[in-house]
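Asker: Structure file work.cif, mmCIF, C-alpha atoms, is pasted below:
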data_protein
#
loop_
_atom_site.label_atom_id
_atom_site.label_comp_id
_atom_site.auth_asym_id
_atom_site.auth_seq_id
_atom_site.Cartn_x
_atom_site.Cartn_y
_atom_site.Cartn_z
CA LEU A 1352 8.22 12.38 9.23
CA PRO A 1353 8.72 14.70 6.24
CA GLY A 1354 5.69 16.87 5.48
CA GLY A 1355 2.82 14.98 3.87
CA TRP A 1356 4.15 11.56 4.85
CA HIS A 1357 2.28 9.18 7.13
CA CYS A 1358 2.89 6.07 9.17
CA ALA A 1359 0.73 3.09 8.28
CA GLY A 1360 0.39 -0.60 9.05
CA ARG A 1361 1.90 -0.57 12.57
CA THR A 1362 0.20 -3.44 14.33
CA GLY A 1363 0.78 -6.87 15.88
CA HIS A 1364 4.15 -8.24 16.93
CA ILE A 1365 7.02 -10.11 15.36
CA GLY A 1366 6.21 -13.76 14.82
CA HIS A 1367 8.19 -16.72 13.49
CA ALA A 1368 7.95 -17.73 9.84
CA SER A 1369 8.70 -21.38 9.15
CA GLY A 1370 8.57 -23.67 6.14
CA ALA A 1371 9.27 -22.93 2.50
CA TYR A 1372 8.19 -23.68 -1.04
CA GLY A 1373 9.97 -23.23 -4.31
CA GLY A 1374 13.23 -22.63 -2.46
CA VAL A 1375 11.96 -19.34 -1.04
CA ALA A 1376 10.92 -18.76 2.56
CA PRO A 1377 7.20 -17.91 2.99
CA ALA A 1378 8.16 -14.57 4.54
CA GLU A 1379 9.75 -13.60 1.21
CA ARG A 1380 6.61 -14.46 -0.78
CA MET A 1381 4.25 -13.59 2.08
CA ASP A 1382 1.79 -16.47 1.89
CA PRO A 1383 -0.71 -15.75 4.71
CA SER A 1384 -1.54 -19.44 5.01
CA CYS A 1385 2.03 -20.08 6.24
CA LEU A 1386 2.22 -17.19 8.71
CA PRO A 1387 0.66 -16.16 12.03
CA ASP A 1388 -2.19 -13.66 11.64
CA ASP A 1389 -0.76 -11.32 14.27
CA TRP A 1390 2.68 -10.99 12.66
CA TRP A 1391 3.32 -7.30 12.00
CA GLU A 1392 4.99 -8.02 8.65
CA LEU A 1393 1.84 -9.72 7.38
CA SER A 1394 -0.30 -6.81 8.56
CA SER A 1395 2.02 -4.40 6.76
CA HIS A 1396 1.84 -6.38 3.52
CA ARG A 1397 -1.94 -6.57 3.66
CA TRP A 1398 -2.18 -2.84 4.25
CA ARG A 1399 -0.22 -2.12 1.05
CA TYR A 1400 -2.65 -4.10 -1.07
CA GLU A 1401 -5.69 -2.66 0.67
CA TRP A 1402 -4.26 0.82 0.06
CA ALA A 1403 -3.67 -0.03 -3.61
CA ALA A 1404 -7.15 -1.52 -3.95
CA GLY A 1405 -8.62 1.78 -2.76
CA GLN A 1406 -6.93 3.76 -5.56
CA TRP A 1407 -9.05 5.03 -8.45
CA ASN A 1408 -8.49 4.82 -12.21
CA LEU A 1409 -5.67 2.27 -12.14
CA GLY A 1410 -6.74 0.80 -15.48
CA ARG A 1411 -5.18 -2.56 -16.26
CA VAL A 1412 -2.99 -3.57 -13.29
CA ALA A 1413 0.15 -5.74 -13.25
CA ASP A 1414 0.85 -7.21 -9.80
CA ALA A 1415 4.55 -8.00 -10.08
CA ALA A 1416 5.97 -10.79 -7.90
CA CYS A 1417 2.45 -11.78 -6.88
CA GLY A 1418 3.60 -14.93 -5.07
CA THR A 1419 0.62 -17.06 -4.07
CA GLY A 1420 -1.79 -14.34 -5.17
CA TYR A 1421 -3.27 -13.10 -1.92
CA GLY A 1422 -2.67 -9.48 -3.01
CA THR A 1423 -3.96 -10.12 -6.52
CA ALA A 1424 -7.13 -11.46 -4.90
CA ILE A 1425 -7.52 -8.28 -2.82
CA LEU A 1426 -7.18 -6.16 -5.96
CA THR A 1427 -9.62 -8.19 -8.06
CA SER A 1428 -12.19 -8.39 -5.26
CA SER A 1429 -12.15 -4.58 -5.24
CA GLY A 1430 -12.99 -4.51 -8.94
CA HIS A 1431 -9.55 -3.96 -10.49
CA VAL A 1432 -8.57 -5.71 -13.73
CA THR A 1433 -5.40 -7.43 -12.53
CA THR A 1434 -2.78 -9.86 -13.82
CA GLY A 1435 -0.41 -11.40 -11.29
CA PHE A 1436 3.17 -12.12 -12.39
CA ASP A 1437 5.78 -14.23 -10.62
CA ALA A 1438 9.06 -15.86 -11.61
CA SER A 1439 8.06 -19.09 -9.87
CA PRO A 1440 5.73 -21.41 -11.84
CA GLU A 1441 4.86 -23.07 -8.53
CA ALA A 1442 3.80 -19.76 -6.99
CA CYS A 1443 1.76 -18.93 -10.10
CA GLY A 1444 0.00 -22.28 -9.80
CA LEU A 1445 -0.90 -21.57 -6.19
CA ALA A 1446 -2.09 -18.08 -7.13
CA LEU A 1447 -4.24 -19.44 -9.94
CA ALA A 1448 -5.85 -21.97 -7.61
CA LYS A 1449 -6.52 -19.30 -4.99
CA LEU A 1450 -8.14 -16.96 -7.50
CA GLU A 1451 -10.21 -19.79 -8.99
CA ARG A 1452 -11.60 -20.57 -5.53
CA ARG A 1453 -12.55 -16.93 -4.96
CA ARG A 1454 -14.11 -16.30 -8.33
CA PRO A 1455 -17.53 -18.06 -8.34
CA GLY A 1456 -20.31 -15.74 -7.23
CA GLN A 1457 -18.01 -13.03 -5.88
CA ARG A 1458 -17.90 -9.40 -6.96
CA GLY A 1459 -14.58 -8.57 -8.53
CA GLY A 1460 -12.54 -7.54 -11.52
CA TRP A 1461 -11.06 -9.69 -14.25
CA TRP A 1462 -7.82 -11.50 -13.39
CA ASP A 1463 -5.05 -13.66 -14.81
CA VAL A 1464 -1.71 -15.11 -13.64
CA GLU A 1465 1.46 -15.41 -15.73
CA VAL A 1466 5.05 -16.53 -15.18
CA CYS A 1467 7.45 -13.58 -15.57
CA ASP A 1468 10.99 -12.96 -14.36
CA MET A 1469 11.35 -9.21 -13.69
CA ASN A 1470 15.10 -9.50 -14.20
CA GLU A 1471 14.55 -10.24 -17.88
CA GLU A 1472 14.82 -7.43 -20.45
CA GLY A 1473 11.44 -8.41 -21.85
CA ALA A 1474 9.66 -7.57 -18.60
CA THR A 1475 8.24 -4.20 -19.73
CA PHE A 1476 4.55 -4.76 -18.87
CA GLN A 1477 3.41 -3.45 -22.22
CA GLY A 1478 -0.35 -2.83 -22.29
CA PHE A 1479 -0.67 -2.29 -18.53
CA ASP A 1480 -1.56 1.07 -17.02
CA THR A 1481 -0.34 0.43 -13.45
CA LEU A 1482 2.55 -1.59 -12.07
CA ILE A 1483 2.36 -2.78 -8.48
CA SER A 1484 5.72 -3.84 -7.08
CA PHE A 1485 5.54 -4.39 -3.34
CA GLU A 1486 8.73 -5.70 -1.72
CA THR A 1487 10.21 -6.67 -5.08
CA LEU A 1488 12.75 -4.10 -6.23
CA GLU A 1489 15.29 -5.00 -3.53
CA HIS A 1490 15.37 -8.55 -4.98
CA LEU A 1491 16.23 -7.55 -8.54
CA ASN A 1492 19.65 -7.42 -10.18
CA ASP A 1493 18.92 -3.94 -11.59
CA PRO A 1494 15.79 -2.36 -10.06
CA GLU A 1495 16.34 1.00 -11.72
CA GLY A 1496 16.77 -0.75 -15.05
CA LEU A 1497 13.34 -2.33 -14.66
CA LEU A 1498 11.70 1.02 -13.92
CA ARG A 1499 13.46 2.67 -16.87
CA ARG A 1500 12.38 0.01 -19.37
CA LEU A 1501 8.70 -0.02 -18.37
CA ALA A 1502 6.46 0.35 -21.39
CA PRO A 1503 5.03 3.84 -22.10
CA SER A 1504 1.57 2.49 -21.24
CA VAL A 1505 2.58 2.23 -17.55
CA LYS A 1506 1.58 5.61 -16.11
CA THR A 1507 1.21 4.70 -12.43
CA LEU A 1508 3.68 2.95 -10.14
CA LEU A 1509 2.68 1.64 -6.70
CA CYS A 1510 5.75 0.22 -5.01
CA SER A 1511 7.45 -0.36 -1.68
CA ALA A 1512 10.81 -1.45 -0.32
CA PRO A 1513 12.71 -1.65 2.97
CA VAL A 1514 14.50 1.62 3.74
CA VAL A 1515 16.73 0.19 6.45
CA PRO A 1516 19.76 -2.08 5.83
CA THR A 1517 18.67 -5.67 5.18
CA MET A 1518 21.31 -7.26 2.96
CA HIS A 1519 23.46 -8.29 5.91
CA HIS A 1520 20.76 -10.59 7.28
CA ASN A 1521 18.56 -11.39 4.25
CA PRO A 1522 20.24 -13.49 1.53
CA TYR A 1523 17.40 -12.76 -0.91
CA HIS A 1524 17.97 -8.98 -0.92
CA LYS A 1525 20.44 -7.54 -3.43
CA HIS A 1526 20.05 -3.83 -2.61
CA ASP A 1527 19.67 -1.58 0.42
CA PHE A 1528 17.69 1.64 0.05
CA THR A 1529 17.28 4.83 2.02
CA PRO A 1530 14.04 6.84 1.68
CA GLU A 1531 15.84 9.53 -0.28
CA GLY A 1532 17.66 7.03 -2.49
CA PHE A 1533 14.51 5.03 -3.21
CA MET A 1534 12.56 8.08 -4.33
CA ALA A 1535 15.50 9.43 -6.32
CA MET A 1536 15.68 6.13 -8.24
CA ILE A 1537 11.99 6.40 -9.06
CA GLY A 1538 12.51 9.97 -10.24
CA ARG A 1539 15.42 9.03 -12.48
CA ALA A 1540 13.12 6.52 -14.18
CA GLY A 1541 10.77 9.33 -15.17
CA PHE A 1542 8.15 9.07 -12.43
CA THR A 1543 7.02 11.75 -9.96
CA VAL A 1544 6.18 10.66 -6.42
CA VAL A 1545 2.73 11.96 -5.43
CA GLU A 1546 2.11 9.95 -2.26
CA ALA A 1547 4.41 8.28 0.26
CA HIS A 1548 3.90 6.37 3.50
CA PHE A 1549 6.32 4.96 6.03
CA GLN A 1550 5.49 1.62 7.65
CA SER A 1551 6.96 1.06 11.08
CA ALA A 1552 8.01 -2.01 13.03
CA PRO A 1553 6.73 -2.51 16.61
CA THR A 1554 9.97 -0.81 17.68
CA ARG A 1555 8.64 2.31 15.87
CA VAL A 1556 11.54 2.24 13.41
CA ASN A 1557 10.44 3.22 9.89
CA VAL A 1558 11.20 -0.02 8.04
CA TYR A 1559 9.31 0.33 4.74
CA LEU A 1560 8.47 3.12 2.34
CA VAL A 1561 5.30 2.78 0.23
CA VAL A 1562 5.05 5.09 -2.78
CA LYS A 1563 2.63 6.11 -5.49
CA ALA A 1564 4.33 7.71 -8.49
CA VAL A 1565 2.99 8.83 -11.87
CA ARG A 1566 4.26 10.02 -15.23
#
For this file, write the structure as structure tokens.

Answerer:
Amino acid sequence: LPGGWHCAGRTGHIGHASGAYGGVAPAERMDPSCLPDDWWELSSHRWRYEWAAGQWNLGRVADAACGTGYGTAILTSSGHVTTGFDASPEACGLALAKLERRRPGQRGGWWDVEVCDMNEEGATFQGFDTLISFETLEHLNDPEGLLRRLAPSVKTLLCSAPVVPTMHHNPYHKHDFTPEGFMAMIGRAGFTVVEAHFQSAPTRVNVYLVVKAVR
């Protein structure tokens, strides 16, 4: 790995994801209730949110493409003030129900859930200090456009994406990234990468890149 980079989240083995809701396969929204606990993809997704939850001074956090809210719950249970956003009203409803069940008597930060399509020009996340975008940018029509139009209040970006070709086998992905291309895109949007981690498949291929960037 390049100097200062680390492997993380290599565990478990490939499992089979079945079922769907809202027209999107569970593996694309990563609902743990639909997936085997020992699936390496699920372990990798959980690690990203646990890593984010351990960050300091995130301020008000926007969890973009929160899906059913399992990651939003991890963030709020660690004390972060978090709003989950998803384009699917159904997913937002599931997230809201999940967070409501966790709230009574549990330590945690303030939370909310809102419907938001990140492809829309109005998705600027004004008023938020940190944007979390795990496994989202490859789904967008113009991922660099989103990063460029983020409101000035957004000073920290925690994001990840596949850095191996996926478009040929995943109909939901609109972009392929390389590690260098992914970080260059973030830089062109005015952010500086200060932390980066590869996540590897059981085959030891570096599949995902997880990044913290600031401005």

Asker: Counting only C-alpha atoms, which residues in stretch 1464-1547 of chain A sit no more than 9 Å from stretch 1425-1446 of chain A? For each one, give the nearest pair of atoms and the distance in Å, sorted by chain then residue number, as CSV.

Answerer:
residue,atom,partner,partner_atom,distance
A:Val1464,CA,A:Gly1435,CA,4.6
A:Glu1465,CA,A:Phe1436,CA,5.0
A:Val1466,CA,A:Asp1437,CA,5.2
A:Cys1467,CA,A:Ala1438,CA,4.8
A:Asp1468,CA,A:Ala1438,CA,4.4
A:Met1469,CA,A:Ala1438,CA,7.3

Asker: Could you give me, as a Markdown table, a per-residue list for stretch 1465-1510 of chain A showing, wherever an atom lies at most 8 Å from an atom of stretch 1526-1538 of chain A, the closest pair of atoms and their distance in Å to one decimal, using all atoms listed in the file and sorting by chain then residue number from low to high?

Answerer:
| residue | atom | partner | partner_atom | distance |
| --- | --- | --- | --- | --- |
| A:Glu1489 | CA | A:His1526 | CA | 5.0 |
| A:His1490 | CA | A:His1526 | CA | 7.1 |
| A:Leu1491 | CA | A:His1526 | CA | 8.0 |
| A:Glu1495 | CA | A:Met1536 | CA | 6.2 |
| A:Leu1498 | CA | A:Ile1537 | CA | 7.3 |

Asker: For the structure provided, state which residues fall under the PyMOL selection byres ((chain A and resi 1414) around 8), and present them as JSON, numbers by chain.

Answerer: {"A": [1412, 1413, 1415, 1416, 1417, 1422, 1423, 1433, 1434, 1435, 1436, 1482, 1483, 1484]}

Asker: Return the single residue from A:Glu1486, A:Glu1451, A:Glu1471, A:Asp1463 that is closest to A:Ala1512, with distances computed using only C-alpha atoms.

Answerer: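 The closest residue to A:Ala1512 is A:Glu1486.
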
Asker: Find the residues near A:Val1561: any atom within 7 Å, counting only C-alpha atoms, skip ones fewer than 6 places away on the same chain, and give them as a list of chain:residue names.

Answerer: A:Cys1510, A:Ser1511, A:Ala1512, A:Ala1547, A:His1548, A:Phe1549

Asker: Using all atoms listed in the file, determine which residues lie at most 8 Å from A:Ala1424, disregarding the query and same-chain residues fewer than 4 positions distant; provide the list as a VMD selection string.

Answerer: chain A and resid 1420 1428 1449 to 1450 1453

Asker: Determine the nearest neighbour of A:Lys1525 from the options A:Ser1504, A:Ser1395, A:Gln1477, A:Thr1487, counting all atoms listed in the file.

Answerer: A:Thr1487

Asker: Tell me, in Å to one decimal, how far atom CA of A:His1396 is from atom CA of A:Leu1488.

Answerer: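 A separation of 14.8 Å between them.
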
Asker: Between atom CA of A:Leu1560 and atom CA of A:Arg1399, what is the distance, to one decimal in Å?

Answerer: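 If I compute the distance from atom CA of A:Leu1560 to atom CA of A:Arg1399, I get 10.2 Å.
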
Asker: Could you check how far atom CA of A:Asn1492 sits from atom CA of A:Ala1540, in Å to one decimal?

Answerer: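 About the pair atom CA of A:Asn1492 and atom CA of A:Ala1540: they are 15.9 Å apart.
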
Asker: Taking the file as I've supplied it (selection: the PyMOL selection byres ((chain A and resi 1564) around 8)), which residues are included? Please answer as a list in words.

Answerer: Thr1507, Leu1508, Leu1509, Ile1537, Phe1542, Thr1543, Val1544, Val1545, Glu1546, Val1562, Lys1563, Val1565 and Arg1566 of chain A

Asker: Which residue gives the smallest distance to A:Glu1401 among A:Tyr1421, A:Pro1513, A:Arg1555, A:Leu1501, with all atoms listed in the file counted?

Answerer: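 Residue with the minimum atom-to-atom distance to A:Glu1401: A:Tyr1421.
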
Asker: Using all atoms listed in the file, which residue out of A:Pro1553, A:Pro1522, A:Gly1541, A:Gly1410 lies closest to A:Trp1461?

Answerer: A:Gly1410

Asker: Please complete stretch 1520-1531 of chain A with all heavy atoms and give it back as a short mmCIF file (atom, residue, chain, number, x, y, z; two decimals), in the coordinates of the input.

Answerer:
data_model
loop_
_atom_site.label_atom_id
_atom_site.label_comp_id
_atom_site.auth_asym_id
_atom_site.auth_seq_id
_atom_site.Cartn_x
_atom_site.Cartn_y
_atom_site.Cartn_z
N HIS A 1520 21.45 -9.47 6.62
CA HIS A 1520 20.76 -10.59 7.28
C HIS A 1520 19.75 -11.29 6.37
O HIS A 1520 19.17 -12.30 6.76
CB HIS A 1520 20.05 -10.13 8.56
CG HIS A 1520 18.93 -9.15 8.34
ND1 HIS A 1520 17.70 -9.53 7.89
CD2 HIS A 1520 18.88 -7.81 8.53
CE1 HIS A 1520 16.91 -8.47 7.79
NE2 HIS A 1520 17.60 -7.42 8.17
N ASN A 1521 19.53 -10.77 5.16
CA ASN A 1521 18.56 -11.39 4.25
C ASN A 1521 19.26 -11.77 2.95
O ASN A 1521 19.58 -10.90 2.13
CB ASN A 1521 17.40 -10.43 3.97
CG ASN A 1521 16.26 -11.13 3.24
OD1 ASN A 1521 16.48 -11.98 2.38
ND2 ASN A 1521 15.03 -10.77 3.57
N PRO A 1522 19.50 -13.06 2.72
CA PRO A 1522 20.24 -13.49 1.53
C PRO A 1522 19.49 -13.27 0.23
O PRO A 1522 20.09 -13.37 -0.85
CB PRO A 1522 20.48 -14.98 1.79
CG PRO A 1522 19.35 -15.39 2.67
CD PRO A 1522 19.10 -14.22 3.57
N TYR A 1523 18.19 -12.97 0.30
CA TYR A 1523 17.40 -12.76 -0.91
C TYR A 1523 17.44 -11.31 -1.39
O TYR A 1523 17.01 -11.02 -2.50
CB TYR A 1523 15.94 -13.16 -0.67
CG TYR A 1523 15.77 -14.60 -0.26
CD1 TYR A 1523 15.49 -14.94 1.07
CD2 TYR A 1523 15.91 -15.63 -1.19
CE1 TYR A 1523 15.35 -16.26 1.45
CE2 TYR A 1523 15.76 -16.96 -0.81
CZ TYR A 1523 15.48 -17.26 0.51
OH TYR A 1523 15.33 -18.58 0.88
N HIS A 1524 17.94 -10.40 -0.56
CA HIS A 1524 17.97 -8.98 -0.92
C HIS A 1524 19.30 -8.62 -1.56
O HIS A 1524 20.36 -8.94 -1.03
CB HIS A 1524 17.73 -8.11 0.31
CG HIS A 1524 16.33 -8.17 0.83
ND1 HIS A 1524 15.85 -7.34 1.82
CD2 HIS A 1524 15.28 -8.97 0.48
CE1 HIS A 1524 14.59 -7.61 2.06
NE2 HIS A 1524 14.22 -8.60 1.26
N LYS A 1525 19.24 -7.92 -2.69
CA LYS A 1525 20.44 -7.54 -3.43
C LYS A 1525 20.75 -6.05 -3.33
O LYS A 1525 21.79 -5.60 -3.83
CB LYS A 1525 20.27 -7.93 -4.90
CG LYS A 1525 20.10 -9.43 -5.11
CD LYS A 1525 19.93 -9.79 -6.57
CE LYS A 1525 19.78 -11.30 -6.74
NZ LYS A 1525 19.63 -11.69 -8.16
N HIS A 1526 19.85 -5.28 -2.71
CA HIS A 1526 20.05 -3.83 -2.61
C HIS A 1526 19.51 -3.34 -1.27
O HIS A 1526 18.51 -3.84 -0.76
CB HIS A 1526 19.32 -3.10 -3.74
CG HIS A 1526 19.73 -3.52 -5.11
ND1 HIS A 1526 20.81 -2.98 -5.76
CD2 HIS A 1526 19.22 -4.48 -5.93
CE1 HIS A 1526 20.93 -3.56 -6.94
NE2 HIS A 1526 19.99 -4.48 -7.07
N ASP A 1527 20.17 -2.35 -0.72
CA ASP A 1527 19.67 -1.58 0.42
C ASP A 1527 19.27 -0.20 -0.08
O ASP A 1527 19.97 0.40 -0.91
CB ASP A 1527 20.73 -1.45 1.51
CG ASP A 1527 20.91 -2.71 2.33
OD1 ASP A 1527 19.95 -3.51 2.42
OD2 ASP A 1527 22.00 -2.91 2.89
N PHE A 1528 18.16 0.32 0.43
CA PHE A 1528 17.69 1.64 0.05
C PHE A 1528 17.56 2.52 1.28
O PHE A 1528 17.31 2.05 2.39
CB PHE A 1528 16.30 1.57 -0.62
CG PHE A 1528 16.27 0.80 -1.91
CD1 PHE A 1528 15.64 -0.43 -1.99
CD2 PHE A 1528 16.86 1.31 -3.06
CE1 PHE A 1528 15.58 -1.14 -3.17
CE2 PHE A 1528 16.81 0.60 -4.26
CZ PHE A 1528 16.18 -0.62 -4.31
N THR A 1529 17.72 3.82 1.07
CA THR A 1529 17.28 4.83 2.02
C THR A 1529 16.02 5.47 1.45
O THR A 1529 15.75 5.34 0.24
CB THR A 1529 18.36 5.91 2.21
OG1 THR A 1529 18.53 6.61 0.96
CG2 THR A 1529 19.68 5.30 2.67
N PRO A 1530 15.22 6.17 2.26
CA PRO A 1530 14.04 6.84 1.68
C PRO A 1530 14.40 7.78 0.55
O PRO A 1530 13.74 7.78 -0.51
CB PRO A 1530 13.46 7.60 2.88
CG PRO A 1530 13.89 6.81 4.08
CD PRO A 1530 15.27 6.31 3.73
N GLU A 1531 15.45 8.57 0.75
CA GLU A 1531 15.84 9.53 -0.28
C GLU A 1531 16.35 8.82 -1.54
O GLU A 1531 16.01 9.21 -2.67
CB GLU A 1531 16.93 10.46 0.26
CG GLU A 1531 16.49 11.34 1.42
CD GLU A 1531 16.44 10.61 2.75
OE1 GLU A 1531 16.95 9.46 2.84
OE2 GLU A 1531 15.88 11.19 3.71
#
